[in-house]
Amino acid sequence: MAPQKLSTLTDYQTLVDKYDTFLFDCDGVIWRGSTAIVNVQATLSMLRNRGKRLIFVTNNSGTSRKDYVTKFAKLGIQASVEEIFSSAYATAVYLSEVARFPSNKKAYVIGGSGIRNELHDVGITTIGEDDTGPVNLATLAEVEPNPDVAAVVFGIDYDITYRKLANAHLNLTLNPGCLFIATNDDRTLPGGKHVYPGTGAMLSTLIHSTQRSPLVMGKPNTPMLDCVMQKYQLDPARSCMVGDRLDTDILFGIKGGLSTLCVLTGVADEAAILDPVAPQATYYISSLGDLCELAAN
């Protein structure tokens with residue numbers, strides 16, 4: 001069935017009445033870069049006032065859940081740590097609770113403070129953040145695998161360097177049993193006026209050089225889906241996933257048996273949403289902010 005376009009007050013009311021829990025992607029849905037989507041604060045307040053449960057599920061690993069709470073607050077949006085489930089947090093949960101990461105080992109991290117902080121919170125030591133110096137053919141001999149590294153964790157890194165990639169490559173190829181974890185493999189990242197290369201674009205370098213495929217934690221992959229379903233005890237029939245990407249957010253909802261709502265404020269445009277070959281959203285809407293019209297009713 002083709003996605004249903006929501007554009008009237010009746011459409012909005014029917015949507016809100018049908019679900020108890022709404023899961024939201026953040027980039028391209030709640031905000032673009034550091035700017036909130038117009039009227040999204042009013043929409044989220046309206047949903048809370050109507051007793052809806054809100055969960056924010058993001059593939060962006062550059063920010064910890066605690067720092068996300070701060071960002072939400074700066075944008076005038078209420079959110080708690082327990083309502084936020086990021087790919088960085090999913091990675092920490094997986095390594096500590098599923099992989100039983102040894103306390104005497106370290107994780108080599110390519111990524112931002114969000115990943116490191118979440119890993120530190122579960123007792124995992126990280127290295128790699130200081131590998132920012134230049135390297136060339138004459139100084140490559142300085143780069144050696146670290147025998148204490150038992151996992152390479154790859155997330156969005158706005159300061160990625162060849163030295164970091166070389167260290168990660170050597171740890172993955174020369175350390176027996178070294179785990180290869182990616183927080184997500186999003187091809188692009190929406191921000192400000194444009195769409196930029198995402199984690200997946202950078203991750204492809206290591207996949208190609210090591211000839212290894214990482215375990216990908218973020219949407220739409222099973223590890224994050226399992227964690228979210230278990231943590232929040234979702235009733236799929238009464239839950240709706242809201243996102244801007246068909247290949248991550250909408251597919252994530254579909255895999256979990258949830259209804260889905262795609263917005264046009266991020267990656268997907270109307271032509272992509274209506275493409276019968278693409279993952280089929282249940283609904284689509286110009287912007288999440290449009291639902292704020294219900295606040296006056």
# chains A, B, ... in the order shown; residues from 1 in each chain; ligands from 1
>>> select_by_dssp(residues="range 149-250 of chain A", states="strand (DSSP E)", output="short mmCIF file (atom, residue, chain, number, x, y, z; two decimals) with N, CA, C and O atoms, in the first residue's frame")
data_model
loop_
_atom_site.label_atom_id
_atom_site.label_comp_id
_atom_site.auth_asym_id
_atom_site.auth_seq_id
_atom_site.Cartn_x
_atom_site.Cartn_y
_atom_site.Cartn_z
N VAL A 149 44.20 -3.68 22.60
CA VAL A 149 42.96 -3.32 21.91
C VAL A 149 42.20 -4.59 21.51
O VAL A 149 42.71 -5.43 20.77
N ALA A 150 40.97 -4.71 22.03
CA ALA A 150 40.14 -5.88 21.72
C ALA A 150 38.93 -5.51 20.88
O ALA A 150 38.12 -6.37 20.54
N ALA A 151 38.77 -4.21 20.56
CA ALA A 151 37.67 -3.78 19.71
C ALA A 151 38.02 -2.46 19.04
O ALA A 151 38.66 -1.60 19.65
N VAL A 152 37.63 -2.34 17.79
CA VAL A 152 37.68 -1.06 17.10
C VAL A 152 36.24 -0.60 16.94
O VAL A 152 35.40 -1.34 16.39
N VAL A 153 35.94 0.58 17.45
CA VAL A 153 34.59 1.14 17.38
C VAL A 153 34.63 2.36 16.46
O VAL A 153 35.41 3.29 16.68
N PHE A 154 33.77 2.34 15.45
CA PHE A 154 33.80 3.39 14.43
C PHE A 154 32.47 4.15 14.42
O PHE A 154 31.41 3.57 14.27
N LEU A 179 37.29 -7.16 17.82
CA LEU A 179 35.94 -6.90 17.34
C LEU A 179 35.91 -5.66 16.46
O LEU A 179 36.66 -4.70 16.70
N PHE A 180 35.03 -5.65 15.47
CA PHE A 180 34.87 -4.51 14.58
C PHE A 180 33.42 -4.07 14.71
O PHE A 180 32.50 -4.73 14.24
N ILE A 181 33.21 -2.92 15.37
CA ILE A 181 31.87 -2.41 15.66
C ILE A 181 31.69 -1.04 15.01
O ILE A 181 32.55 -0.16 15.14
N ALA A 182 30.58 -0.86 14.31
CA ALA A 182 30.24 0.46 13.78
C ALA A 182 28.96 0.93 14.45
O ALA A 182 28.00 0.17 14.59
N THR A 188 24.89 9.26 4.41
CA THR A 188 24.95 10.72 4.45
C THR A 188 24.47 11.23 5.80
O THR A 188 23.87 10.50 6.60
N LEU A 189 24.73 12.52 6.05
CA LEU A 189 24.36 13.17 7.30
C LEU A 189 23.74 14.53 6.98
O LEU A 189 24.41 15.40 6.42
N PRO A 190 22.45 14.74 7.32
CA PRO A 190 21.84 16.06 7.07
C PRO A 190 22.30 17.06 8.11
O PRO A 190 22.40 16.75 9.29
N GLY A 191 22.59 18.27 7.66
CA GLY A 191 23.01 19.31 8.60
C GLY A 191 22.96 20.67 7.95
O GLY A 191 23.49 20.87 6.86
N HIS A 194 22.71 21.60 3.85
CA HIS A 194 23.13 20.56 2.92
C HIS A 194 23.13 19.19 3.57
O HIS A 194 22.92 19.04 4.78
N VAL A 195 23.39 18.18 2.76
CA VAL A 195 23.59 16.81 3.23
C VAL A 195 25.06 16.46 3.01
O VAL A 195 25.60 16.69 1.92
N TYR A 196 25.70 15.91 4.04
CA TYR A 196 27.14 15.69 4.02
C TYR A 196 27.46 14.19 4.12
O TYR A 196 26.59 13.38 4.41
N PRO A 197 28.74 13.80 3.90
CA PRO A 197 29.10 12.39 4.06
C PRO A 197 28.84 11.91 5.48
O PRO A 197 29.14 12.61 6.45
N LEU A 215 30.06 -5.24 12.74
CA LEU A 215 28.73 -5.39 13.32
C LEU A 215 28.19 -3.97 13.46
O LEU A 215 28.75 -3.15 14.19
N VAL A 216 27.11 -3.67 12.76
CA VAL A 216 26.56 -2.32 12.76
C VAL A 216 25.43 -2.24 13.78
O VAL A 216 24.46 -2.99 13.71
N SER A 239 2.62 1.80 18.37
CA SER A 239 3.85 2.59 18.30
C SER A 239 4.11 3.04 16.87
O SER A 239 3.82 2.31 15.91
N CYS A 240 4.67 4.24 16.73
CA CYS A 240 4.96 4.80 15.40
C CYS A 240 6.36 5.39 15.38
O CYS A 240 6.72 6.19 16.25
N MET A 241 7.16 4.96 14.39
CA MET A 241 8.51 5.47 14.20
C MET A 241 8.48 6.64 13.23
O MET A 241 7.94 6.53 12.13
N VAL A 242 9.07 7.78 13.64
CA VAL A 242 9.09 8.98 12.82
C VAL A 242 10.52 9.26 12.38
O VAL A 242 11.42 9.37 13.22
N GLY A 243 10.75 9.37 11.07
CA GLY A 243 12.10 9.60 10.59
C GLY A 243 12.12 10.31 9.26
O GLY A 243 11.07 10.58 8.66
#
>>> residues_around(residues="range 131-137 of chain A", least_positions_apart="2", cutoff="7 Å", atoms="only C-alpha atoms", output="PyMOL selection string")
chain A and resi 128-129+139-140+161+163-164
>>> write_last_selection(atoms="N, CA and C atoms", output="PDB file, in the first residue's frame")
ATOM      1  N   GLY A 128      42.701   6.397  21.156  1.00  0.00           N
ATOM      2  CA  GLY A 128      42.552   6.811  19.767  1.00  0.00           C
ATOM      3  C   GLY A 128      42.276   8.275  19.584  1.00  0.00           C
ATOM      4  N   GLU A 129      41.741   8.927  20.623  1.00  0.00           N
ATOM      5  CA  GLU A 129      41.361  10.330  20.468  1.00  0.00           C
ATOM      6  C   GLU A 129      42.551  11.263  20.235  1.00  0.00           C
ATOM      7  N   THR A 139      57.042   8.125   8.105  1.00  0.00           N
ATOM      8  CA  THR A 139      56.749   7.980   9.535  1.00  0.00           C
ATOM      9  C   THR A 139      55.685   6.925   9.831  1.00  0.00           C
ATOM     10  N   LEU A 140      55.272   6.183   8.829  1.00  0.00           N
ATOM     11  CA  LEU A 140      54.257   5.155   9.055  1.00  0.00           C
ATOM     12  C   LEU A 140      54.716   4.075  10.032  1.00  0.00           C
ATOM     13  N   THR A 161      41.537  11.235  10.692  1.00  0.00           N
ATOM     14  CA  THR A 161      42.871  11.388  10.104  1.00  0.00           C
ATOM     15  C   THR A 161      43.353  10.050   9.552  1.00  0.00           C
ATOM     16  N   ARG A 163      46.138   8.754  10.306  1.00  0.00           N
ATOM     17  CA  ARG A 163      46.749   8.042  11.435  1.00  0.00           C
ATOM     18  C   ARG A 163      45.706   7.200  12.169  1.00  0.00           C
ATOM     19  N   LYS A 164      44.521   7.751  12.377  1.00  0.00           N
ATOM     20  CA  LYS A 164      43.457   6.978  13.027  1.00  0.00           C
ATOM     21  C   LYS A 164      43.077   5.763  12.194  1.00  0.00           C
TER      22      LYS A 164
END
>>> residues_around(residues="range 23-40 of chain A", least_positions_apart="3", cutoff="6 Å", atoms="only C-alpha atoms", output="ChimeraX atom specification")
/A:43,54-58,191-192,241-244,265-266,289
>>> atom_distance(atom1="CA of Val143 in chain A", atom2="CA of Thr199 in chain A")
23.2 Å
>>> select_by_dssp(residues="range 95-239 of chain A", states="helix (DSSP H, G or I)", output="PyMOL selection string")
chain A and resi 95-98+113-121+140-142+162-174+199-210+222-232+236-238
>>> residues_around(residues="range 9-17 of chain A", least_positions_apart="3", cutoff="8 Å", atoms="only C-alpha atoms", output="list in words")
Leu6, Asp20, Leu47, Leu291, Glu293 and Leu294 of chain A
>>> write_last_selection(atoms="C-alpha atoms", output="PDB file, in the first residue's frame")
ATOM      1  CA  LEU A   6      -1.078  13.633   6.084  1.00  0.00           C
ATOM      2  CA  ASP A  20       0.579   5.605  22.476  1.00  0.00           C
ATOM      3  CA  LEU A  47       2.036  14.939  22.386  1.00  0.00           C
ATOM      4  CA  LEU A 291       1.152  18.429  13.981  1.00  0.00           C
ATOM      5  CA  GLU A 293      -1.999  22.557  14.771  1.00  0.00           C
ATOM      6  CA  LEU A 294      -3.592  20.064  17.160  1.00  0.00           C
TER       7      LEU A 294
END
>>> residues_around(residues="Ile285 in chain A", least_positions_apart="6", cutoff="8 Å", atoms="only C-alpha atoms", output="ChimeraX atom specification")
/A:5-7,261-264
>>> write_last_selection(atoms="all heavy atoms", output="compact mmCIF listing (two decimals), in the first residue's frame")
# COMPACT_ATOMS: atom_id res chain seq x y z
N LYS A 5 -0.43 10.44 2.63
CA LYS A 5 0.03 11.79 2.94
C LYS A 5 -0.89 12.41 3.97
O LYS A 5 -2.12 12.39 3.83
CB LYS A 5 0.07 12.66 1.69
CG LYS A 5 0.64 14.05 1.95
CD LYS A 5 0.81 14.84 0.67
CE LYS A 5 1.45 16.19 0.95
NZ LYS A 5 1.67 16.98 -0.30
N LEU A 6 -0.31 12.96 5.04
CA LEU A 6 -1.08 13.63 6.08
C LEU A 6 -1.00 15.14 5.86
O LEU A 6 0.10 15.71 5.84
CB LEU A 6 -0.53 13.29 7.47
CG LEU A 6 -0.40 11.80 7.81
CD1 LEU A 6 0.11 11.62 9.23
CD2 LEU A 6 -1.72 11.07 7.61
N SER A 7 -2.15 15.78 5.71
CA SER A 7 -2.12 17.22 5.41
C SER A 7 -3.28 18.00 6.02
O SER A 7 -3.32 19.22 5.92
CB SER A 7 -2.13 17.44 3.89
OG SER A 7 -3.28 16.84 3.30
N LEU A 261 6.18 7.04 10.04
CA LEU A 261 5.85 8.35 9.50
C LEU A 261 7.14 8.99 8.99
O LEU A 261 8.07 9.19 9.76
CB LEU A 261 5.22 9.24 10.58
CG LEU A 261 5.00 10.71 10.24
CD1 LEU A 261 3.99 10.87 9.12
CD2 LEU A 261 4.55 11.48 11.49
N CYS A 262 7.19 9.30 7.69
CA CYS A 262 8.38 9.92 7.11
C CYS A 262 8.13 11.41 6.93
O CYS A 262 7.08 11.82 6.42
CB CYS A 262 8.73 9.28 5.77
SG CYS A 262 10.37 9.73 5.15
N VAL A 263 9.10 12.23 7.34
CA VAL A 263 8.99 13.68 7.19
C VAL A 263 9.85 14.14 6.02
O VAL A 263 10.80 13.46 5.61
CB VAL A 263 9.42 14.41 8.48
CG1 VAL A 263 8.51 14.01 9.64
CG2 VAL A 263 10.88 14.11 8.82
N LEU A 264 9.52 15.32 5.51
CA LEU A 264 10.22 15.85 4.34
C LEU A 264 11.24 16.93 4.70
O LEU A 264 11.65 17.70 3.84
CB LEU A 264 9.21 16.41 3.33
CG LEU A 264 8.20 15.42 2.76
CD1 LEU A 264 7.19 16.12 1.87
CD2 LEU A 264 8.92 14.32 1.98
>>> residues_around(residues="Thr210 in chain A", least_positions_apart="4", cutoff="9 Å", atoms="only C-alpha atoms", output="list in words")
His169, Leu170, Leu172, Thr173, Thr205 and Leu206 of chain A
>>> residues_around(residues="Ala281 in chain A", least_positions_apart="5", cutoff="9 Å", atoms="only C-alpha atoms", output="list in words")
Ala2, Pro3, Gln4, Leu246, Ile250, Leu251, Gly253, Ile254, Ser259, Thr260, Leu261, Cys262, Ile273 and Leu274 of chain A
>>> closest_residue(among="A:Asp249, A:Asp290, A:Asp157, A:Asp235", to="Thr21 in chain A", atoms="only C-alpha atoms")
A:Asp235
>>> closest_residue(among="A:Asn104, A:Tyr284, A:Lys255, A:Leu75", to="Ala271 in chain A", atoms="only C-alpha atoms")
A:Tyr284
>>> closest_residue(among="A:Ser45, A:Ser103, A:Thr63, A:Asn184", to="Gly76 in chain A", atoms="only C-alpha atoms")
A:Ser45
>>> closest_residue(among="A:Asn167, A:Gln78, A:Thr183, A:Thr8", to="Ala92 in chain A", atoms="only C-alpha atoms")
A:Thr183
